[in-house]
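Printed here is protein.txt (compact mmCIF, C-alpha atoms):
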```txt
# COMPACT_ATOMS: atom_id res chain seq x y z
CA MET A 204 7.09 15.58 14.64
CA GLN A 205 6.52 19.22 13.72
CA LEU A 206 6.44 18.67 9.94
CA LEU A 207 3.54 16.27 10.35
CA LYS A 208 1.67 18.58 12.74
CA ASP A 209 2.01 21.40 10.21
CA LYS A 210 0.70 19.14 7.45
CA ILE A 211 -2.30 18.08 9.55
CA ILE A 212 -3.15 21.71 10.28
CA GLN A 213 -2.72 22.75 6.66
CA GLU A 214 -4.27 19.82 4.81
CA GLY A 215 -6.23 17.71 7.28
CA THR A 216 -10.01 17.94 7.44
CA ILE A 217 -11.94 17.40 10.66
CA LEU A 218 -15.05 15.42 9.77
CA SER A 219 -16.33 14.95 13.34
CA GLU A 220 -15.10 14.98 16.93
CA THR A 221 -13.45 11.61 16.28
CA VAL A 222 -12.61 11.59 12.57
CA LEU A 223 -9.68 13.38 10.94
CA LYS A 224 -9.40 13.02 7.19
CA VAL A 225 -5.83 12.98 5.87
CA ASP A 226 -6.59 11.89 2.32
CA HIS A 227 -4.33 14.54 0.83
CA PHE A 228 -1.04 13.24 2.18
CA LEU A 229 -1.40 9.87 3.94
CA ASN A 230 -4.24 7.55 3.05
CA HIS A 231 -5.40 8.28 -0.46
CA GLN A 232 -2.76 10.59 -1.89
CA ILE A 233 0.73 10.07 -0.46
CA ASP A 234 3.12 12.97 0.06
CA VAL A 235 6.27 11.02 -0.75
CA PRO A 236 8.94 13.38 0.71
CA LEU A 237 6.87 13.58 3.92
CA MET A 238 6.67 9.76 4.03
CA LEU A 239 10.46 9.61 3.67
CA LYS A 240 10.76 11.87 6.74
CA VAL A 241 8.25 9.67 8.57
CA GLY A 242 10.36 6.62 7.73
CA GLU A 243 13.53 8.34 8.96
CA GLU A 244 11.81 9.29 12.21
CA PHE A 245 10.57 5.75 12.91
CA ALA A 246 14.03 4.38 12.06
CA ASN A 247 15.64 6.84 14.50
CA ARG A 248 13.25 5.98 17.28
CA PHE A 249 13.72 2.24 16.92
CA ASN A 250 17.39 2.15 15.89
CA ASN A 251 18.37 0.46 19.16
CA GLU A 252 16.25 -2.57 18.31
CA PRO A 253 17.54 -5.45 16.14
CA ILE A 254 14.48 -5.34 13.89
CA THR A 255 14.24 -8.02 11.19
CA LYS A 256 10.79 -7.23 9.71
CA ILE A 257 8.18 -4.50 9.64
CA LEU A 258 4.57 -5.66 9.85
CA THR A 259 1.72 -3.41 8.77
CA ILE A 260 -1.78 -3.75 7.34
CA GLU A 261 -3.09 -2.83 3.92
CA SER A 262 -3.47 -0.22 2.55
CA SER A 263 -2.59 3.00 4.37
CA GLY A 264 0.19 1.47 6.46
CA ILE A 265 2.20 0.46 3.39
CA ALA A 266 3.77 3.80 2.38
CA PRO A 267 5.15 4.77 5.83
CA SER A 268 6.29 1.17 6.35
CA VAL A 269 8.16 1.00 3.04
CA MET A 270 10.00 4.22 3.87
CA THR A 271 10.91 2.89 7.31
CA GLY A 272 12.03 -0.37 5.73
CA LEU A 273 14.25 1.64 3.39
CA GLU A 274 15.97 3.29 6.36
CA LEU A 275 16.22 0.15 8.50
CA ASN A 276 17.03 -2.08 5.50
CA VAL A 277 14.44 -4.73 6.41
CA PRO A 278 11.49 -6.21 4.47
CA VAL A 279 7.92 -5.02 4.97
CA ILE A 280 5.01 -7.44 5.31
CA PHE A 281 1.49 -6.15 4.89
CA ALA A 282 -1.24 -8.21 6.49
CA ARG A 283 -4.13 -8.87 4.14
CA LYS A 284 -7.69 -8.04 5.09
CA ARG A 285 -10.00 -10.89 4.35
CA LYS A 286 -13.65 -11.40 5.02
CA SER A 287 -13.89 -15.09 4.38
CA LEU A 288 -12.57 -17.80 6.62
CA THR A 289 -11.49 -20.00 3.74
CA LEU A 290 -7.86 -20.39 2.80
CA THR A 291 -6.68 -20.33 6.38
CA GLU A 292 -4.07 -22.96 5.73
CA ASN A 293 -0.54 -21.78 6.38
CA LEU A 294 -1.76 -18.40 7.57
CA TYR A 295 -1.49 -16.57 10.85
CA SER A 296 -4.75 -14.70 11.26
CA ALA A 297 -6.58 -12.43 13.66
CA LYS A 298 -9.92 -10.71 13.80
CA VAL A 299 -9.97 -6.91 13.67
CA TYR A 300 -13.12 -4.95 14.37
CA SER A 301 -13.45 -1.69 12.47
CA TYR A 302 -15.44 0.96 14.37
CA THR A 303 -15.72 3.18 11.32
CA LYS A 304 -16.97 0.37 9.07
CA GLN A 305 -18.75 -1.49 11.90
CA GLN A 306 -17.54 -4.82 10.65
CA THR A 307 -15.02 -7.46 11.62
CA ASN A 308 -12.27 -8.28 9.18
CA GLU A 309 -9.97 -11.21 9.26
CA ILE A 310 -6.36 -10.14 8.74
CA SER A 311 -3.75 -12.69 7.76
CA VAL A 312 -0.07 -13.24 7.09
CA SER A 313 1.56 -16.21 5.40
CA LYS A 314 3.38 -18.44 7.87
CA GLN A 315 6.32 -18.53 5.48
CA LEU A 316 7.07 -14.87 6.14
CA LEU A 317 7.33 -14.64 9.93
CA ASN A 318 8.84 -16.98 12.53
CA LYS A 319 10.33 -17.14 16.03
CA ASP A 320 13.64 -15.64 14.92
CA ASP A 321 11.99 -12.39 13.84
CA HIS A 322 12.02 -9.18 15.86
CA VAL A 323 9.09 -7.21 14.51
CA LEU A 324 8.24 -3.53 14.32
CA VAL A 325 4.49 -3.08 13.90
CA LEU A 326 3.56 0.10 12.00
CA ASP A 327 0.27 1.73 11.11
CA ASP A 328 -1.10 5.06 9.97
CA PHE A 329 -3.64 5.61 12.77
CA LEU A 330 -4.10 4.40 16.33
CA ALA A 331 -7.52 4.97 17.88
CA ASN A 332 -9.12 2.04 19.70
CA GLY A 333 -6.11 -0.12 18.95
CA GLU A 334 -8.00 -2.88 17.16
CA ALA A 335 -5.63 -3.14 14.19
CA ALA A 336 -2.54 -2.97 16.41
CA ARG A 337 -3.90 -5.75 18.63
CA GLY A 338 -4.58 -7.91 15.58
CA LEU A 339 -1.04 -7.38 14.29
CA ILE A 340 0.43 -8.17 17.74
CA GLU A 341 -1.63 -11.35 17.82
CA ILE A 342 -0.04 -12.38 14.53
CA VAL A 343 3.45 -11.63 15.94
CA ASN A 344 2.57 -13.83 18.93
CA GLN A 345 1.24 -16.64 16.74
CA ALA A 346 4.56 -16.60 14.88
CA GLU A 347 6.36 -16.73 18.27
CA ALA A 348 8.32 -13.72 17.06
CA SER A 349 9.31 -10.88 19.40
CA LEU A 350 7.80 -7.41 19.26
CA ALA A 351 10.14 -4.42 19.07
CA GLY A 352 7.27 -1.98 19.48
CA ILE A 353 4.56 -0.15 17.64
CA GLY A 354 5.07 2.89 15.45
CA ILE A 355 2.05 5.05 14.67
CA VAL A 356 1.89 8.05 12.36
CA ILE A 357 -1.14 9.67 14.03
CA GLU A 358 -2.45 8.62 17.45
CA LYS A 359 -5.84 9.82 18.59
CA SER A 360 -4.90 9.96 22.26
CA PHE A 361 -8.49 10.81 23.24
CA GLN A 362 -9.29 7.19 22.38
CA GLN A 363 -7.95 4.43 24.57
CA GLY A 364 -5.89 2.22 22.21
CA GLY A 365 -2.48 3.79 22.87
CA ASN A 366 -2.85 3.84 26.64
CA ASP A 367 -4.16 0.26 26.70
CA LEU A 368 -1.11 -0.93 24.76
CA ARG A 369 1.32 1.07 26.91
CA ALA A 370 -0.34 -0.34 30.04
CA GLN A 371 0.62 -3.80 28.75
CA GLY A 372 4.25 -2.70 28.66
CA ILE A 373 4.35 -2.36 24.88
CA ARG A 374 6.46 0.45 23.48
CA VAL A 375 4.26 2.72 21.36
CA GLU A 376 5.91 5.52 19.40
CA SER A 377 3.44 7.93 17.83
CA LEU A 378 4.84 10.67 15.61
CA VAL A 379 1.87 12.89 16.39
CA ARG A 380 -0.67 12.57 19.22
CA ILE A 381 -4.01 14.32 18.95
CA LYS A 382 -5.74 15.19 22.22
CA SER A 383 -8.91 16.62 20.73
CA LEU A 384 -10.76 17.27 17.49
CA LYS A 385 -13.56 19.23 19.20
CA ASP A 386 -14.99 22.49 17.86
CA GLY A 387 -13.35 21.93 14.47
CA LYS A 388 -9.87 22.34 15.95
CA VAL A 389 -6.94 19.93 16.16
CA ILE A 390 -5.30 20.04 19.61
CA PHE A 391 -2.04 18.09 19.90
CA ASN A 392 -0.65 16.56 23.11
CA MET B 177 15.07 -5.77 -15.70
CA GLN B 178 17.44 -8.63 -14.87
CA LEU B 179 17.30 -8.17 -11.07
CA LEU B 180 13.56 -8.72 -11.18
CA LYS B 181 13.83 -11.73 -13.48
CA ASP B 182 16.32 -13.30 -11.09
CA LYS B 183 14.00 -12.65 -8.16
CA ILE B 184 11.04 -14.22 -9.98
CA ILE B 185 13.10 -17.32 -10.77
CA GLN B 186 14.44 -17.58 -7.21
CA GLU B 187 11.39 -16.67 -5.16
CA GLY B 188 8.31 -16.77 -7.37
CA THR B 189 5.96 -19.74 -7.26
CA ILE B 190 4.00 -20.91 -10.29
CA LEU B 191 0.53 -21.85 -9.09
CA SER B 192 -0.95 -22.61 -12.50
CA GLU B 193 -0.42 -21.84 -16.18
CA THR B 194 -1.73 -18.33 -15.56
CA VAL B 195 -0.89 -17.54 -11.92
CA LEU B 196 2.52 -16.55 -10.59
CA LYS B 197 2.74 -15.97 -6.86
CA VAL B 198 5.20 -13.26 -5.84
CA ASP B 199 4.18 -12.94 -2.21
CA HIS B 200 7.76 -13.01 -0.99
CA PHE B 201 8.89 -9.76 -2.56
CA LEU B 202 6.04 -7.83 -4.16
CA ASN B 203 2.49 -8.32 -2.97
CA HIS B 204 2.53 -9.55 0.59
CA GLN B 205 6.11 -9.12 1.72
CA ILE B 206 7.95 -6.23 0.05
CA ASP B 207 11.66 -6.44 -0.76
CA VAL B 208 12.39 -2.77 -0.16
CA PRO B 209 15.79 -2.43 -1.88
CA LEU B 210 14.30 -4.21 -4.93
CA MET B 211 11.35 -1.79 -4.89
CA LEU B 212 13.80 1.13 -4.83
CA LYS B 213 15.42 -0.28 -8.00
CA VAL B 214 11.97 -0.73 -9.54
CA GLY B 215 11.21 2.92 -8.76
CA GLU B 216 14.50 4.06 -10.31
CA GLU B 217 13.78 2.03 -13.43
CA PHE B 218 10.28 3.48 -13.91
CA ALA B 219 11.66 6.98 -13.29
CA ASN B 220 14.37 6.43 -15.93
CA ARG B 221 11.90 5.13 -18.49
CA PHE B 222 9.48 8.03 -18.04
CA ASN B 223 11.95 10.83 -17.30
CA ASN B 224 11.12 12.57 -20.59
CA GLU B 225 7.51 13.08 -19.44
CA PRO B 226 6.43 16.06 -17.28
CA ILE B 227 4.64 13.79 -14.80
CA THR B 228 2.73 15.51 -11.99
CA LYS B 229 1.12 12.48 -10.29
CA ILE B 230 1.39 8.74 -10.11
CA LEU B 231 -1.89 6.84 -9.99
CA THR B 232 -2.08 3.26 -8.76
CA ILE B 233 -4.55 0.95 -7.05
CA GLU B 234 -4.49 -0.49 -3.55
CA SER B 235 -2.70 -2.50 -2.27
CA SER B 236 0.14 -4.08 -4.24
CA GLY B 237 0.69 -1.07 -6.48
CA ILE B 238 1.54 1.19 -3.56
CA ALA B 239 5.13 0.14 -2.81
CA PRO B 240 6.50 0.39 -6.37
CA SER B 241 4.57 3.64 -6.87
CA VAL B 242 5.96 5.25 -3.72
CA MET B 243 9.51 4.41 -4.80
CA THR B 244 8.85 5.85 -8.26
CA GLY B 245 7.32 8.94 -6.64
CA LEU B 246 10.48 9.29 -4.57
CA GLU B 247 12.61 9.34 -7.73
CA LEU B 248 10.29 11.58 -9.77
CA ASN B 249 9.42 13.78 -6.77
CA VAL B 250 5.67 13.61 -7.36
CA PRO B 251 2.75 12.51 -5.15
CA VAL B 252 1.20 9.06 -5.42
CA ILE B 253 -2.57 8.52 -5.44
CA PHE B 254 -3.93 5.07 -4.77
CA ALA B 255 -7.42 4.40 -6.07
CA ARG B 256 -9.63 2.79 -3.48
CA LYS B 257 -11.49 -0.43 -4.18
CA ARG B 258 -15.08 -0.21 -3.16
CA LYS B 259 -17.94 -2.60 -3.54
CA SER B 260 -20.79 -0.28 -2.78
CA LEU B 261 -22.07 2.44 -5.03
CA THR B 262 -22.76 4.82 -2.17
CA LEU B 263 -20.53 7.78 -1.47
CA THR B 264 -19.97 8.52 -5.13
CA GLU B 265 -20.14 12.25 -4.57
CA ASN B 266 -16.95 14.04 -5.55
CA LEU B 267 -15.38 10.84 -6.76
CA TYR B 268 -14.11 9.68 -10.09
CA SER B 269 -14.93 6.01 -10.32
CA ALA B 270 -14.67 3.04 -12.64
CA LYS B 271 -15.64 -0.60 -12.57
CA VAL B 272 -12.88 -3.18 -12.57
CA TYR B 273 -13.58 -6.85 -13.08
CA SER B 274 -11.22 -9.21 -11.30
CA TYR B 275 -10.75 -12.53 -13.11
CA THR B 276 -9.04 -14.13 -10.11
CA LYS B 277 -11.76 -13.08 -7.68
CA GLN B 278 -14.56 -13.26 -10.27
CA GLN B 279 -16.13 -10.08 -9.01
CA THR B 280 -16.48 -6.47 -10.09
CA ASN B 281 -15.04 -3.80 -7.83
CA GLU B 282 -15.69 -0.12 -8.03
CA ILE B 283 -12.44 1.84 -7.84
CA SER B 284 -12.50 5.51 -6.99
CA VAL B 285 -10.39 8.62 -6.60
CA SER B 286 -11.35 11.88 -4.94
CA LYS B 287 -11.99 14.65 -7.46
CA GLN B 288 -9.88 16.95 -5.31
CA LEU B 289 -6.73 15.03 -6.17
CA LEU B 290 -6.70 14.94 -9.96
CA ASN B 291 -7.60 17.52 -12.59
CA LYS B 292 -7.01 18.61 -16.19
CA ASP B 293 -3.58 20.08 -15.38
CA ASP B 294 -2.22 16.72 -14.31
CA HIS B 295 0.01 14.50 -16.42
CA VAL B 296 -0.41 11.05 -14.93
CA LEU B 297 1.77 7.96 -14.81
CA VAL B 298 -0.39 4.89 -14.11
CA LEU B 299 1.50 2.14 -12.26
CA ASP B 300 0.57 -1.35 -11.15
CA ASP B 301 2.20 -4.56 -10.02
CA PHE B 302 0.69 -6.91 -12.63
CA LEU B 303 -0.81 -6.56 -16.09
CA ALA B 304 -2.79 -9.53 -17.37
CA ASN B 305 -6.15 -8.81 -18.98
CA GLY B 306 -5.70 -5.10 -18.39
CA GLU B 307 -8.86 -4.58 -16.36
CA ALA B 308 -7.22 -2.54 -13.58
CA ALA B 309 -5.21 -0.46 -16.04
CA ARG B 310 -8.35 0.33 -18.05
CA GLY B 311 -10.15 1.40 -14.88
CA LEU B 312 -7.29 3.70 -13.90
CA ILE B 313 -7.17 5.18 -17.42
CA GLU B 314 -10.90 5.80 -17.22
CA ILE B 315 -10.33 7.79 -14.04
CA VAL B 316 -7.55 9.81 -15.74
CA ASN B 317 -10.00 10.53 -18.57
CA GLN B 318 -12.80 11.53 -16.19
CA ALA B 319 -10.39 14.02 -14.60
CA GLU B 320 -9.55 15.32 -18.11
CA ALA B 321 -5.92 14.78 -17.18
CA SER B 322 -3.35 13.51 -19.69
CA LEU B 323 -1.79 10.06 -19.55
CA ALA B 324 2.00 9.78 -19.65
CA GLY B 325 1.84 6.02 -19.91
CA ILE B 326 1.54 2.84 -17.92
CA GLY B 327 4.29 1.25 -15.90
CA ILE B 328 3.94 -2.41 -14.95
CA VAL B 329 6.23 -4.47 -12.75
CA ILE B 330 5.26 -7.86 -14.24
CA GLU B 331 3.34 -8.24 -17.50
CA LYS B 332 1.86 -11.58 -18.41
CA SER B 333 2.30 -11.12 -22.12
CA PHE B 334 0.42 -14.38 -22.84
CA GLN B 335 -2.72 -12.49 -21.81
CA GLN B 336 -4.03 -9.72 -23.98
CA GLY B 337 -4.08 -6.63 -21.73
CA GLY B 338 -0.70 -5.20 -22.71
CA ASN B 339 -1.21 -5.64 -26.43
CA ASP B 340 -4.74 -4.19 -26.29
CA LEU B 341 -3.42 -1.07 -24.55
CA ARG B 342 -0.48 -0.71 -26.95
CA ALA B 343 -2.88 -1.09 -29.88
CA GLN B 344 -4.68 1.99 -28.57
CA GLY B 345 -1.42 3.93 -28.80
CA ILE B 346 -0.81 3.90 -25.06
CA ARG B 347 2.78 3.63 -23.93
CA VAL B 348 3.16 0.54 -21.73
CA GLU B 349 6.49 -0.05 -20.00
CA SER B 350 6.74 -3.44 -18.32
CA LEU B 351 9.88 -4.17 -16.32
CA VAL B 352 9.44 -7.88 -16.94
CA ARG B 353 7.30 -9.66 -19.54
CA ILE B 354 6.37 -13.28 -19.06
CA LYS B 355 5.59 -15.25 -22.21
CA SER B 356 4.63 -18.51 -20.53
CA LEU B 357 4.15 -20.22 -17.18
CA LYS B 358 3.58 -23.64 -18.71
CA ASP B 359 5.14 -26.86 -17.39
CA GLY B 360 6.10 -25.15 -14.14
CA LYS B 361 8.62 -22.89 -15.88
CA VAL B 362 8.77 -19.12 -16.26
CA ILE B 363 9.66 -18.09 -19.80
CA PHE B 364 10.38 -14.40 -20.30
CA ASN B 365 9.97 -12.47 -23.56
```

What does the file become when written as structure tokens?
Amino acid sequence: MQLLKDKIIQEGTILSETVLKVDHFLNHQIDVPLMLKVGEEFANRFNNEPITKILTIESSGIAPSVMTGLELNVPVIFARKRKSLTLTENLYSAKVYSYTKQQTNEISVSKQLLNKDDHVLVLDDFLANGEAARGLIEIVNQAEASLAGIGIVIEKSFQQGGNDLRAQGIRVESLVRIKSLKDGKVIFN
Amino acid sequence: MQLLKDKIIQEGTILSETVLKVDHFLNHQIDVPLMLKVGEEFANRFNNEPITKILTIESSGIAPSVMTGLELNVPVIFARKRKSLTLTENLYSAKVYSYTKQQTNEISVSKQLLNKDDHVLVLDDFLANGEAARGLIEIVNQAEASLAGIGIVIEKSFQQGGNDLRAQGIRVESLVRIKSLKDGKVIFN
């Protein structure tokens, strides 16, 4: 998605060889017209799937998911991040390890919102090691729902998450794939 | 906003005399067409203001804010909740006490995203004691930006936040105001 590549070049900040900061348009400030285009693109890519719900994770997945939900006319569920293990009643939940924060979060979704009749599109802002995506897929599995695929705004393809998921036969659609952040430069696939 | 009142009656759950659960359409699962209507309504109410940015707080404020940003054609900033006091460099920040969680969170916004030329619409899903709104206003003040007003999806008017803010001369637009949740019934103003 050229518009997104241009935005990353213009407004992204490379913090290290593995960290790209996109606070100006995706995960702190949201460029709303860009998010609308992102939603249209995800909807186009998955328009052959009878999607009933979009599942994402708070907070940065919400804006692209809502725009995709607008195009596909389906509800969006955002999994909650929780640290405690209390209140697990009537929740699907999965553990997600965050490499950046070096901590494990419990993510959860109310059982009332997802069931075996759902065909779910999982969406997120970033895909690196694939921890969040795996947690969301686990929740889809717990609900006995089917998985339409995974939509990612920015995939760091130099990390193994995307390839691991594809190797399992899961459809992963990334709007932008970044091959390298070395030497202060963004190289796309 | 009648559509929202109907939704609260149909799908809201009263958990106590002070807590209304709206997980099915606002703060866990998002009813996207409803959020679009919410965005249109906020845009209509504030269309006389030269708004440059919408400021909200993660996570439940994001969906209504993005839809309002779509209508007003302005970016959305979501303040981050943080518990630590590290990384305060280049951040506006404020303390927000959560009555439901009985803990104080630090909320913060990058100084790069807000400045004295901005005219800010503060949006949030709920207004009860007004703690989150006060924190967001403090951030607007730290940035020396001007405040267009506060837009709230659901105000619990039996708590004092809305009246306190109005008493300070701040424009508060709530799409729905709830006078009582007693006896398992929602009474609107």

Within-9 Å shell of (2.9, -14.8, -19.2) in input frame, only C-alpha atoms, as a ChimeraX atom specification: /B:193-196,304,330-335,353-358,362-365

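Closest to Gly272 in chain A among A:Ile260, A:Tyr295, A:Asn308, A:Leu324 is A:Leu324, based on all atoms listed in the file.
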
Proximal residues of chain B relative to chain A (all atoms listed in the file; 8 Å) as number ranges by chain: B: 200, 204-209, 234-235, 238-239, 242, 245-246, 249-256, 285, 289

Interatomic distance, CA of Thr189 in chain B to CA of Asp320 in chain A (Å, one decimal): 23.8 Å

Spatial neighbours of Asn332 in chain A, 9 Å, all atoms listed in the file, chain gap at least 5 places, as a tab-separated table (two decimals) with C-alpha atoms, in the frame of the given file:
```
chain	number	residue	atom	x	y	z
A	302	TYR	CA	-15.44	0.96	14.37
A	359	LYS	CA	-5.84	9.82	18.59
A	362	GLN	CA	-9.29	7.19	22.38
A	363	GLN	CA	-7.95	4.43	24.57
A	364	GLY	CA	-5.89	2.22	22.21
A	365	GLY	CA	-2.48	3.79	22.87
A	367	ASP	CA	-4.16	0.26	26.70
```

Local residues around (7.7, -3.0, 17.6), at most 10 Å away, using all atoms listed in the file, as a ChimeraX atom specification: /A:249,252,254,256-258,322-326,340,343,349-354,373-376

Atomic separation - CA of Glu334 in chain A relative to CA of Lys388 in chain A, Å: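 If I compute the distance from CA of Lys388 in chain A to CA of Glu334 in chain A, I get 25.3 Å.
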
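CA of Ala343 in chain B to CA of Gly306 in chain B spans 12.5 Å [interatomic distance, one decimal].
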
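The smallest atom-to-atom distance between Ile355 in chain A and any of A:Met204, A:Ile217, A:Ala297, A:Ile212, using only C-alpha atoms, is found for A:Met204.
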